Structure formats: structure tokens, C-alpha cells
>>> print(open('data-v1.txt').read())   # compact mmCIF, C-alpha atoms and all ligand atoms
# COMPACT_ATOMS: atom_id res chain seq x y z
CA MET A 1 33.22 -98.96 -109.55
CA GLN A 2 31.69 -96.19 -111.64
CA ILE A 3 27.90 -96.07 -111.23
CA ALA A 4 27.01 -93.09 -113.42
CA GLU A 5 28.73 -89.94 -114.62
CA HIS A 6 30.60 -88.45 -111.66
CA ILE A 7 29.34 -91.15 -109.26
CA TYR A 8 31.72 -93.82 -108.01
CA SER A 9 31.48 -96.34 -105.19
CA THR A 10 33.72 -98.69 -103.33
CA HIS A 11 31.65 -101.65 -102.20
CA ILE A 12 32.78 -103.19 -98.92
CA VAL A 13 31.75 -106.81 -98.58
CA GLU A 14 31.08 -107.84 -95.01
CA ASP A 15 31.64 -111.06 -93.17
CA GLN A 16 28.23 -112.70 -93.41
CA SER A 17 28.69 -114.39 -90.02
CA THR A 18 28.99 -111.07 -88.16
CA PHE A 19 28.00 -107.64 -89.46
CA GLY A 20 27.00 -109.00 -92.83
CA ALA A 21 23.90 -110.42 -91.22
CA MET A 22 22.87 -106.86 -90.36
CA HIS A 23 23.82 -105.39 -93.71
CA PRO A 24 22.73 -107.70 -96.51
CA GLY A 25 24.60 -106.73 -99.66
CA GLY A 26 27.52 -105.03 -97.89
CA THR A 27 28.28 -101.33 -97.53
CA GLN A 28 28.72 -98.64 -100.20
CA ILE A 29 31.00 -95.64 -99.79
CA TYR A 30 30.38 -93.07 -102.53
CA PHE A 31 32.74 -90.64 -104.22
CA VAL A 32 30.83 -87.99 -106.16
CA GLY A 33 32.27 -85.32 -108.45
CA ASP A 34 34.96 -85.12 -111.09
CA PRO A 35 38.07 -87.17 -110.28
CA ASN A 36 40.13 -84.60 -112.24
CA ASP A 37 38.68 -81.74 -110.23
CA ASN A 38 37.31 -82.37 -106.77
CA MET A 39 34.87 -84.74 -105.13
CA VAL A 40 32.90 -85.40 -101.96
CA ILE A 41 32.71 -88.66 -100.03
CA VAL A 42 29.40 -89.92 -98.62
CA ASP A 43 29.90 -91.79 -95.31
CA THR A 44 32.99 -93.49 -93.92
CA GLY A 45 32.02 -97.04 -92.89
CA GLU A 46 32.98 -99.07 -89.83
CA PRO A 47 36.11 -98.12 -87.84
CA TYR A 48 38.04 -101.23 -89.00
CA ARG A 49 41.46 -100.62 -90.53
CA ALA A 50 40.69 -102.81 -93.53
CA TRP A 51 37.62 -100.73 -94.34
CA THR A 52 39.43 -97.39 -94.08
CA LYS A 53 42.28 -98.81 -96.15
CA GLN A 54 39.86 -99.88 -98.88
CA ILE A 55 38.36 -96.36 -98.97
CA LEU A 56 41.80 -94.72 -99.18
CA ASP A 57 42.97 -97.22 -101.80
CA TYR A 58 39.94 -96.33 -103.88
CA HIS A 59 40.72 -92.63 -103.47
CA ALA A 60 44.19 -93.39 -104.84
CA GLU A 61 42.69 -95.42 -107.70
CA LEU A 62 40.61 -92.36 -108.64
CA GLY A 63 43.83 -90.36 -108.86
CA LYS A 64 43.71 -88.80 -105.41
CA PRO A 65 41.23 -86.02 -106.22
CA ARG A 66 40.89 -83.22 -103.73
CA ILE A 67 38.03 -84.09 -101.38
CA SER A 68 36.07 -80.91 -100.69
CA SER A 69 34.02 -82.47 -97.89
CA ILE A 70 32.98 -85.69 -96.22
CA LEU A 71 29.18 -85.84 -96.05
CA ILE A 72 27.62 -87.99 -93.33
CA THR A 73 24.15 -89.53 -93.70
CA HIS A 74 23.72 -90.30 -89.97
CA GLY A 75 25.60 -91.01 -86.77
CA HIS A 76 25.53 -94.82 -86.63
CA GLY A 77 28.90 -96.50 -86.09
CA ASP A 78 28.92 -98.10 -89.52
CA HIS A 79 28.73 -94.65 -91.16
CA ILE A 80 31.07 -92.57 -88.99
CA GLY A 81 33.52 -95.28 -87.87
CA GLY A 82 36.26 -94.41 -90.35
CA LEU A 83 35.77 -90.68 -90.01
CA ASP A 84 38.67 -89.75 -87.71
CA ARG A 85 41.30 -91.33 -89.91
CA LEU A 86 39.77 -90.24 -93.23
CA GLN A 87 39.30 -86.63 -92.11
CA GLN A 88 42.89 -86.56 -90.95
CA VAL A 89 44.31 -87.97 -94.19
CA LEU A 90 42.03 -86.03 -96.57
CA ASP A 91 42.14 -82.86 -94.48
CA CYS A 92 38.65 -81.65 -95.38
CA PRO A 93 35.57 -80.39 -93.56
CA VAL A 94 32.90 -82.84 -92.41
CA ARG A 95 29.24 -81.99 -92.97
CA CYS A 96 26.38 -83.54 -91.01
CA HIS A 97 22.96 -82.99 -89.45
CA PRO A 98 22.96 -80.33 -86.68
CA LYS A 99 22.03 -82.99 -84.10
CA LEU A 100 25.17 -84.97 -84.89
CA GLU A 101 27.55 -82.00 -85.01
CA PRO A 102 28.40 -81.78 -81.25
CA LEU A 103 29.46 -85.44 -81.12
CA LEU A 104 31.63 -85.21 -84.24
CA THR A 105 33.17 -81.90 -83.14
CA GLN A 106 34.08 -83.53 -79.84
CA ARG A 107 35.80 -86.32 -81.74
CA LEU A 108 37.52 -84.32 -84.48
CA GLY A 109 38.15 -80.97 -82.84
CA ALA A 110 36.69 -77.47 -83.15
CA GLY A 111 36.26 -76.17 -86.69
CA CYS A 112 36.35 -79.56 -88.46
CA VAL A 113 32.60 -80.11 -88.60
CA GLN A 114 29.95 -77.90 -90.20
CA LYS A 115 26.21 -78.29 -89.70
CA LEU A 116 24.09 -78.87 -92.77
CA GLY A 117 20.90 -76.88 -93.28
CA SER A 118 17.66 -78.41 -94.51
CA ARG A 119 17.42 -77.95 -98.30
CA GLU A 120 20.95 -76.52 -98.41
CA THR A 121 22.85 -77.11 -101.65
CA VAL A 122 26.36 -78.54 -101.55
CA ALA A 123 28.69 -78.41 -104.54
CA THR A 124 30.27 -81.82 -105.14
CA GLY A 125 32.71 -81.00 -107.94
CA GLY A 126 32.27 -81.52 -111.67
CA GLY A 127 29.44 -78.97 -111.67
CA ASN A 128 27.16 -81.25 -109.64
CA ILE A 129 25.07 -80.11 -106.74
CA PHE A 130 23.54 -82.06 -103.85
CA ARG A 131 20.37 -80.91 -102.18
CA VAL A 132 20.29 -81.79 -98.48
CA LEU A 133 17.12 -83.58 -97.35
CA PHE A 134 16.58 -83.99 -93.61
CA THR A 135 15.04 -87.45 -93.43
CA PRO A 136 14.57 -88.59 -89.80
CA GLY A 137 13.00 -91.93 -88.99
CA HIS A 138 15.78 -94.52 -89.26
CA GLU A 139 17.59 -92.12 -86.93
CA ASP A 140 16.89 -88.55 -85.76
CA ASP A 141 20.01 -87.17 -87.40
CA HIS A 142 19.49 -88.77 -90.81
CA VAL A 143 20.23 -86.81 -93.98
CA ALA A 144 19.76 -87.88 -97.61
CA TYR A 145 21.31 -86.14 -100.61
CA TYR A 146 19.59 -85.57 -103.92
CA MET A 147 21.43 -84.81 -107.15
CA ALA A 148 19.09 -83.39 -109.80
CA LYS A 149 21.46 -84.28 -112.64
CA GLY A 150 20.69 -87.93 -113.33
CA ARG A 151 17.95 -87.82 -110.64
CA VAL A 152 20.07 -89.66 -108.10
CA LEU A 153 19.13 -90.08 -104.44
CA PHE A 154 21.76 -90.99 -101.86
CA SER A 155 19.43 -92.57 -99.34
CA GLY A 156 21.72 -93.55 -96.45
CA ASP A 157 19.91 -96.20 -94.41
CA THR A 158 16.40 -94.90 -95.10
CA ILE A 159 16.22 -97.06 -98.22
CA LEU A 160 18.48 -100.10 -98.49
CA GLY A 161 19.42 -102.05 -101.59
CA ASN A 162 18.66 -105.56 -100.44
CA SER A 163 16.20 -105.34 -97.55
CA SER A 164 13.82 -103.11 -95.63
CA SER A 165 15.33 -100.71 -93.13
CA SER A 166 15.11 -100.59 -89.34
CA VAL A 167 13.01 -97.70 -88.08
CA ARG A 168 13.23 -95.71 -84.86
CA ASN A 169 10.33 -93.34 -85.44
CA LEU A 170 7.82 -94.60 -87.97
CA LYS A 171 5.78 -91.41 -88.24
CA GLN A 172 8.88 -89.43 -89.18
CA TYR A 173 10.10 -92.26 -91.38
CA MET A 174 6.91 -92.27 -93.46
CA SER A 175 7.18 -88.48 -93.96
CA SER A 176 10.80 -88.93 -95.02
CA LEU A 177 9.82 -91.59 -97.58
CA ASP A 178 7.24 -89.14 -98.92
CA LEU A 179 9.83 -86.39 -99.20
CA MET A 180 12.14 -88.75 -101.07
CA ALA A 181 9.36 -89.92 -103.40
CA ARG A 182 8.51 -86.30 -104.23
CA GLN A 183 12.01 -85.86 -105.72
CA ARG A 184 11.07 -88.58 -108.29
CA PRO A 185 14.52 -90.19 -108.35
CA ASP A 186 15.55 -92.58 -111.13
CA LEU A 187 18.48 -94.07 -109.24
CA ILE A 188 18.97 -94.71 -105.52
CA CYS A 189 22.45 -95.12 -104.05
CA PRO A 190 21.81 -96.73 -100.63
CA GLY A 191 24.14 -97.01 -97.64
CA HIS A 192 24.00 -100.80 -97.88
CA GLY A 193 23.18 -103.25 -100.64
CA GLN A 194 22.88 -102.89 -104.38
CA ILE A 195 22.26 -99.73 -106.39
CA ILE A 196 18.53 -99.40 -107.11
CA GLN A 197 17.62 -98.68 -110.73
CA ASN A 198 13.83 -98.54 -110.50
CA ALA A 199 13.92 -95.97 -107.73
CA THR A 200 10.38 -94.63 -107.72
CA GLN A 201 8.97 -98.16 -107.80
CA ARG A 202 11.14 -99.15 -104.83
CA LEU A 203 10.02 -96.09 -102.86
CA GLN A 204 6.39 -96.96 -103.56
CA TRP A 205 7.09 -100.53 -102.40
CA TYR A 206 8.61 -99.25 -99.15
CA ILE A 207 5.65 -96.94 -98.54
CA GLY A 208 3.09 -99.63 -99.45
CA HIS A 209 4.87 -102.25 -97.32
CA ARG A 210 4.64 -100.08 -94.19
CA GLN A 211 1.04 -99.05 -94.88
CA GLN A 212 0.04 -102.69 -95.28
CA ARG A 213 1.78 -103.57 -92.00
CA GLU A 214 -0.02 -100.72 -90.28
CA GLU A 215 -3.38 -101.98 -91.51
CA GLN A 216 -2.51 -105.48 -90.25
CA VAL A 217 -1.54 -104.12 -86.82
CA ILE A 218 -4.79 -102.13 -86.59
CA ALA A 219 -6.78 -105.20 -87.65
CA ALA A 220 -5.04 -107.29 -84.97
CA VAL A 221 -5.81 -104.68 -82.29
CA GLU A 222 -9.41 -104.42 -83.45
CA ALA A 223 -9.68 -108.21 -83.28
CA GLY A 224 -8.73 -108.06 -79.60
CA ALA A 225 -4.93 -108.56 -79.56
CA LYS A 226 -3.62 -106.49 -76.67
CA ALA A 227 0.02 -107.40 -76.11
CA VAL A 228 2.84 -106.98 -78.63
CA ASP A 229 3.40 -110.77 -78.76
CA GLU A 230 -0.24 -111.37 -79.59
CA ILE A 231 -0.10 -108.83 -82.40
CA VAL A 232 3.11 -110.41 -83.75
CA GLY A 233 1.33 -113.78 -83.68
CA ARG A 234 -1.49 -112.44 -85.83
CA VAL A 235 0.57 -110.36 -88.27
CA TYR A 236 3.61 -112.56 -88.91
CA PRO A 237 3.92 -116.23 -89.91
CA ARG A 238 3.72 -118.65 -86.97
CA ASN A 239 7.06 -120.37 -87.68
CA LEU A 240 9.14 -117.17 -87.49
CA ARG A 241 12.72 -117.78 -86.25
CA LYS A 242 13.50 -116.47 -82.77
CA ASN A 243 15.79 -113.59 -83.85
CA LEU A 244 13.27 -112.55 -86.49
CA ARG A 245 10.51 -112.73 -83.90
CA GLU A 246 12.38 -110.15 -81.80
CA ALA A 247 12.78 -107.90 -84.86
CA ALA A 248 9.07 -108.37 -85.59
CA ALA A 249 8.19 -107.34 -82.03
CA ARG A 250 10.35 -104.21 -82.37
CA ASN A 251 8.62 -103.44 -85.64
CA VAL A 252 5.16 -103.86 -84.12
CA ARG A 253 6.19 -101.52 -81.28
CA THR A 254 7.22 -98.79 -83.76
CA HIS A 255 3.80 -99.15 -85.44
CA LEU A 256 2.02 -98.93 -82.07
CA ALA A 257 4.06 -95.83 -81.14
CA LYS A 258 3.01 -94.15 -84.40
CA LEU A 259 -0.64 -95.15 -83.97
CA THR A 260 -0.59 -93.97 -80.34
CA GLU A 261 0.94 -90.64 -81.36
CA GLU A 262 -1.85 -90.30 -83.95
CA LYS A 263 -4.40 -91.25 -81.27
CA ARG A 264 -5.61 -94.18 -83.35
CA VAL A 265 -4.83 -96.69 -80.60
CA VAL A 266 -4.75 -96.10 -76.86
CA GLU A 267 -2.05 -97.51 -74.64
CA ASN A 268 -3.34 -98.78 -71.33
CA SER A 269 -1.15 -99.17 -68.24
CA ALA A 270 1.50 -101.80 -68.87
CA SER A 271 1.70 -105.01 -66.87
CA TYR A 272 4.73 -105.70 -64.75
CA TYR A 273 6.52 -109.02 -64.34
CA SER A 274 9.34 -110.15 -62.11
CA ALA A 275 12.64 -109.85 -63.96
CA SER A 276 14.23 -112.77 -62.11
ZN ZN B 1 24.09 -98.46 -91.74
>>> encode(input="data-v1.txt", output="C-alpha cells")
Amino acid sequence: MQIAEHIYSTHIVEDQSTFGAMHPGGTQIYFVGDPNDNMVIVDTGEPYRAWTKQILDYHAELGKPRISSILITHGHGDHIGGLDRLQQVLDCPVRCHPKLEPLLTQRLGAGCVQKLGSRETVATGGGNIFRVLFTPGHEDDHVAYYMAKGRVLFSGDTILGNSSSSVRNLKQYMSSLDLMARQRPDLICPGHGQIIQNATQRLQWYIGHRQQREEQVIAAVEAGAKAVDEIVGRVYPRNLRKNLREAAARNVRTHLAKLTEEKRVVENSASYYSAS
């Protein structure tokens, strides 16, 4: 599907009973550049044959343009799964965050993978240029790509089309959202879910959503909640489903880690319980 001039995507719909539950709205693999000239691919999906086949079929549908590089947003399995096969068939360099490079070099062989630099520009074909934005938070090795023409942000898993994202380091994540917002994108092409038209508004929503949660967590702590479960009980609805309750607890922990790092809450010695 063509999204804008020189931006194409193949949308992989997932089985809602398995991975689809983790990726509402499926997965997007982007081809950027001029199909008559050369292009880059952003991410490579899960390692499943059907996924890789869909990506290669789409490459054929575009007229088999020369792929000048495969750009990786981060090292999660649903973004680098198809890499081995695609790199072999398309015979092009792979670009990724320096932290991910050793792993991918081990997999693909010496000389196949090149580290990206922060703020580096990468030519995508068709006269378009990506600016590399190091955006840790969802994962340490996360990279987003910004194309000034059309004001398009390829956000990886930092911003998703149909849901909020999971966060490993919230302090870094908030800085990354800020960096993205400063580009003032009009369009966001996320790793999963639908293309986002009102990009700046969505970024503000993401930032506001986390800030609001942080205020709620602080309020719960100030009101005397000490354990994660107690904080979850105060911040989230009481009738939360069990799997969502676990996600909520993880989320509260990332907030507490940020607040601890900022010395706004103090962690006291943990309690220990028998595991049996
Ligand atoms: Zn993902």
C-alpha cells in the first residue's frame, strides 16, 4: 500500500489469538524511496516464513527495486526475525543502533552490519533523506527515523498506531518522546498498528498520558501506598483483568524506577516471601 510519495508499506495481519494480542493492528514493514531507483526497508518482522514471503512478494510487486539498506528500529524478535533471509536475498547492508550491532554481526557475518550514528543522515532513494534519532526507552537500542520531506516519523515501537507502548526505561522514554515531538511530524509510521495522521496530537497524548500516570503514582505513594499492588489498586480500576493487572504492575514499577532515579520517591528494603 502506498502511504505517501515514496513511502510504501506491507501490512502483516497477525493471528489475534497469539501475537496479535501483543500487537493490536498488526505489523507494518516500510519500503521508502523511489521504486524505479532504489529504496530502503524499515524492519523485517517475525522470523515466520509467511511473513518473510509477504515482504519479498511486496518487493516484487514494487518492481524489485534495489534495496540500498535494511534499517532496523530495535532488536526485538518481531523486528529482526526475518533479517537473515531478507539480507541474503536482497544482498544489502543492515544498519542499526551500535548496541545491537554485535548481535546482528554474529548472526549475519562480518561486514554485513553497519552501526548508525546519532543524527546521521541516510539516503533512502528518490532524493529522500532519513535523519537517525536514537530513542531509547522501549528498548536501549531503539532508533527512529525522521524524513523532513512530508514530515514523516518512522517511530518503531516508541509510538504505536493502536495502543500505548511497553516501556523498559521510562525516564529515557519520556526524553525520546520529547525528541520526537521536537521534529513536529505530520505523519507517524509506527512499527505496529495504523498510520497516524495527527502526529503531533498523538505525541502530546502519549506524553500527557504518562505524565498523568506519574502524578497518580505519586499521589498514591503520598497517600500511604507502599507496595506495587497497593499502588495499582489506587491508580487502576478495581475490576482489571488478571493479565492487565500484571501489565499494570509492570507499568507502575517503571514509574517507580523513574521516580527513584529522580530521587522523588525512596525505595526501602524489599520484603521477602517464600517462593514455594
Ligand atoms: Zn514490535
>>> closest_residue(input="data-v1.txt", among="A:Arg213, A:His142, A:Arg245, A:Arg234", to="ligand ZN 1 (chain B)", atoms="only C-alpha atoms and all ligand atoms")
A:His142
>>> residues_around(input="data-v1.txt", residues="Trp51 (chain A)", least_positions_apart="4", cutoff="8 Å", atoms="only C-alpha atoms", output="VMD selection string")
chain A and resid 12 45 to 47 55 82
>>> closest_atom_pairs(input="data-v1.txt", of="chain A", to="ligand ZN 1 (chain B)", cutoff="7 Å", atoms="all atoms listed in the file", output="JSON lines")
{"residue": "A:His76", "atom": "CA", "partner": "B:ZN1", "partner_atom": "ZN", "distance": 6.4}
{"residue": "A:Asp78", "atom": "CA", "partner": "B:ZN1", "partner_atom": "ZN", "distance": 5.3}
{"residue": "A:His79", "atom": "CA", "partner": "B:ZN1", "partner_atom": "ZN", "distance": 6.0}
{"residue": "A:Asp157", "atom": "CA", "partner": "B:ZN1", "partner_atom": "ZN", "distance": 5.5}
{"residue": "A:Gly191", "atom": "CA", "partner": "B:ZN1", "partner_atom": "ZN", "distance": 6.1}
{"residue": "A:His192", "atom": "CA", "partner": "B:ZN1", "partner_atom": "ZN", "distance": 6.6}
>>> closest_residue(input="data-v1.txt", among="A:Val217, A:Ile195, A:Val152, A:Leu133", to="Ser175 (chain A)", atoms="all atoms listed in the file")
A:Leu133
>>> atom_distance(input="data-v1.txt", atom1="CA of Ala248 (chain A)", atom2="CA of Ile231 (chain A)")
9.7 Å
>>> closest_residue(input="data-v1.txt", among="A:Leu108, A:Leu83, A:Leu170, A:Leu116", to="Glu262 (chain A)", atoms="only C-alpha atoms")
A:Leu170
>>> closest_residue(input="data-v1.txt", among="A:His74, A:Gly156, A:Glu14, A:Asp84", to="Ile29 (chain A)", atoms="all atoms listed in the file")
A:Gly156
>>> closest_residue(input="data-v1.txt", among="A:Gly75, A:Pro98, A:Gly127, A:Gly117", to="Asp37 (chain A)", atoms="only C-alpha atoms")
A:Gly127
>>> residues_around(input="data-v1.txt", residues="Ile196 (chain A)", least_positions_apart="4", cutoff="9 Å", atoms="all atoms listed in the file", output="PyMOL selection string")
chain A and resi 160-161+186-190+202
>>> closest_residue(input="data-v1.txt", among="A:Lys149, A:Thr27, A:Leu62, A:Leu177", to="Gln2 (chain A)", atoms="all atoms listed in the file")
A:Leu62
>>> atom_distance(input="data-v1.txt", atom1="CA of Val89 (chain A)", atom2="CA of Pro35 (chain A)")
17.3 Å
>>> atom_distance(input="data-v1.txt", atom1="CA of Gly150 (chain A)", atom2="CA of Asn128 (chain A)")
10.0 Å
>>> residues_around(input="data-v1.txt", residues="Arg131 (chain A)", least_positions_apart="6", cutoff="12 Å", atoms="only C-alpha atoms", output="PyMOL selection string")
chain A and resi 71+116-124+143-149+151-154+180+183
>>> residues_around(input="data-v1.txt", residues="Tyr206 (chain A)", least_positions_apart="3", cutoff="8 Å", atoms="all atoms listed in the file", output="ChimeraX atom specification")
/A:159,164,177,202-203,209-210
>>> residues_near_point(input="data-v1.txt", point="(-1.1, -106.5, -73.7)", cutoff="12 Å", atoms="only C-alpha atoms", output="ChimeraX atom specification")
/A:220-221,224-232,253,256,266-272
>>> axis_aligned_box(input="data-v1.txt", around="region 259-273 of chain A", padding_each_side="3 Å", output="AutoDock Vina command-line options")
--center_x 0.5 --center_y -99.7 --center_z -74.2 --size_x 18.1 --size_y 24.7 --size_z 25.6
>>> build_atoms(input="data-v1.txt", residues="region 194-219 of chain A", atoms="N, CA and C atoms", output="compact mmCIF listing (two decimals), in the frame of the given file")
# COMPACT_ATOMS: atom_id res chain seq x y z
N GLN A 194 22.66 -103.22 -102.98
CA GLN A 194 22.88 -102.89 -104.38
C GLN A 194 22.25 -101.55 -104.77
N ILE A 195 22.82 -100.95 -105.80
CA ILE A 195 22.26 -99.73 -106.39
C ILE A 195 20.86 -100.07 -106.93
N ILE A 196 19.92 -99.15 -106.73
CA ILE A 196 18.53 -99.40 -107.11
C ILE A 196 18.18 -98.60 -108.36
N GLN A 197 17.88 -99.33 -109.44
CA GLN A 197 17.62 -98.68 -110.73
C GLN A 197 16.19 -98.14 -110.83
N ASN A 198 15.24 -98.94 -110.38
CA ASN A 198 13.83 -98.54 -110.50
C ASN A 198 13.41 -97.84 -109.21
N ALA A 199 13.97 -96.63 -109.03
CA ALA A 199 13.92 -95.97 -107.73
C ALA A 199 12.51 -95.64 -107.26
N THR A 200 11.71 -95.06 -108.15
CA THR A 200 10.38 -94.63 -107.72
C THR A 200 9.54 -95.84 -107.33
N GLN A 201 9.69 -96.92 -108.10
CA GLN A 201 8.97 -98.16 -107.80
C GLN A 201 9.37 -98.69 -106.42
N ARG A 202 10.67 -98.65 -106.12
CA ARG A 202 11.14 -99.15 -104.83
C ARG A 202 10.59 -98.30 -103.68
N LEU A 203 10.58 -96.98 -103.89
CA LEU A 203 10.02 -96.09 -102.86
C LEU A 203 8.55 -96.41 -102.63
N GLN A 204 7.81 -96.63 -103.70
CA GLN A 204 6.39 -96.96 -103.56
C GLN A 204 6.23 -98.29 -102.82
N TRP A 205 7.14 -99.23 -103.08
CA TRP A 205 7.09 -100.53 -102.40
C TRP A 205 7.31 -100.34 -100.90
N TYR A 206 8.32 -99.52 -100.55
CA TYR A 206 8.61 -99.25 -99.15
C TYR A 206 7.40 -98.62 -98.46
N ILE A 207 6.79 -97.64 -99.12
CA ILE A 207 5.65 -96.94 -98.54
C ILE A 207 4.47 -97.92 -98.39
N GLY A 208 4.20 -98.67 -99.47
CA GLY A 208 3.09 -99.63 -99.45
C GLY A 208 3.28 -100.72 -98.40
N HIS A 209 4.52 -101.19 -98.28
CA HIS A 209 4.87 -102.25 -97.32
C HIS A 209 4.53 -101.81 -95.89
N ARG A 210 4.90 -100.58 -95.55
CA ARG A 210 4.64 -100.08 -94.19
C ARG A 210 3.14 -99.83 -93.98
N GLN A 211 2.48 -99.32 -95.02
CA GLN A 211 1.04 -99.05 -94.88
C GLN A 211 0.28 -100.36 -94.66
N GLN A 212 0.69 -101.39 -95.41
CA GLN A 212 0.04 -102.69 -95.28
C GLN A 212 0.24 -103.25 -93.87
N ARG A 213 1.48 -103.11 -93.36
CA ARG A 213 1.78 -103.57 -92.00
C ARG A 213 0.92 -102.83 -90.99
N GLU A 214 0.78 -101.53 -91.20
CA GLU A 214 -0.02 -100.72 -90.28
C GLU A 214 -1.47 -101.21 -90.26
N GLU A 215 -2.00 -101.48 -91.44
CA GLU A 215 -3.38 -101.98 -91.51
C GLU A 215 -3.50 -103.31 -90.78
N GLN A 216 -2.48 -104.17 -90.93
CA GLN A 216 -2.51 -105.48 -90.25
C GLN A 216 -2.46 -105.31 -88.73
N VAL A 217 -1.65 -104.36 -88.26
CA VAL A 217 -1.54 -104.12 -86.82
C VAL A 217 -2.88 -103.59 -86.29
N ILE A 218 -3.49 -102.66 -87.02
CA ILE A 218 -4.79 -102.13 -86.59
C ILE A 218 -5.82 -103.25 -86.56
N ALA A 219 -5.82 -104.08 -87.59
CA ALA A 219 -6.78 -105.20 -87.65
C ALA A 219 -6.59 -106.13 -86.46
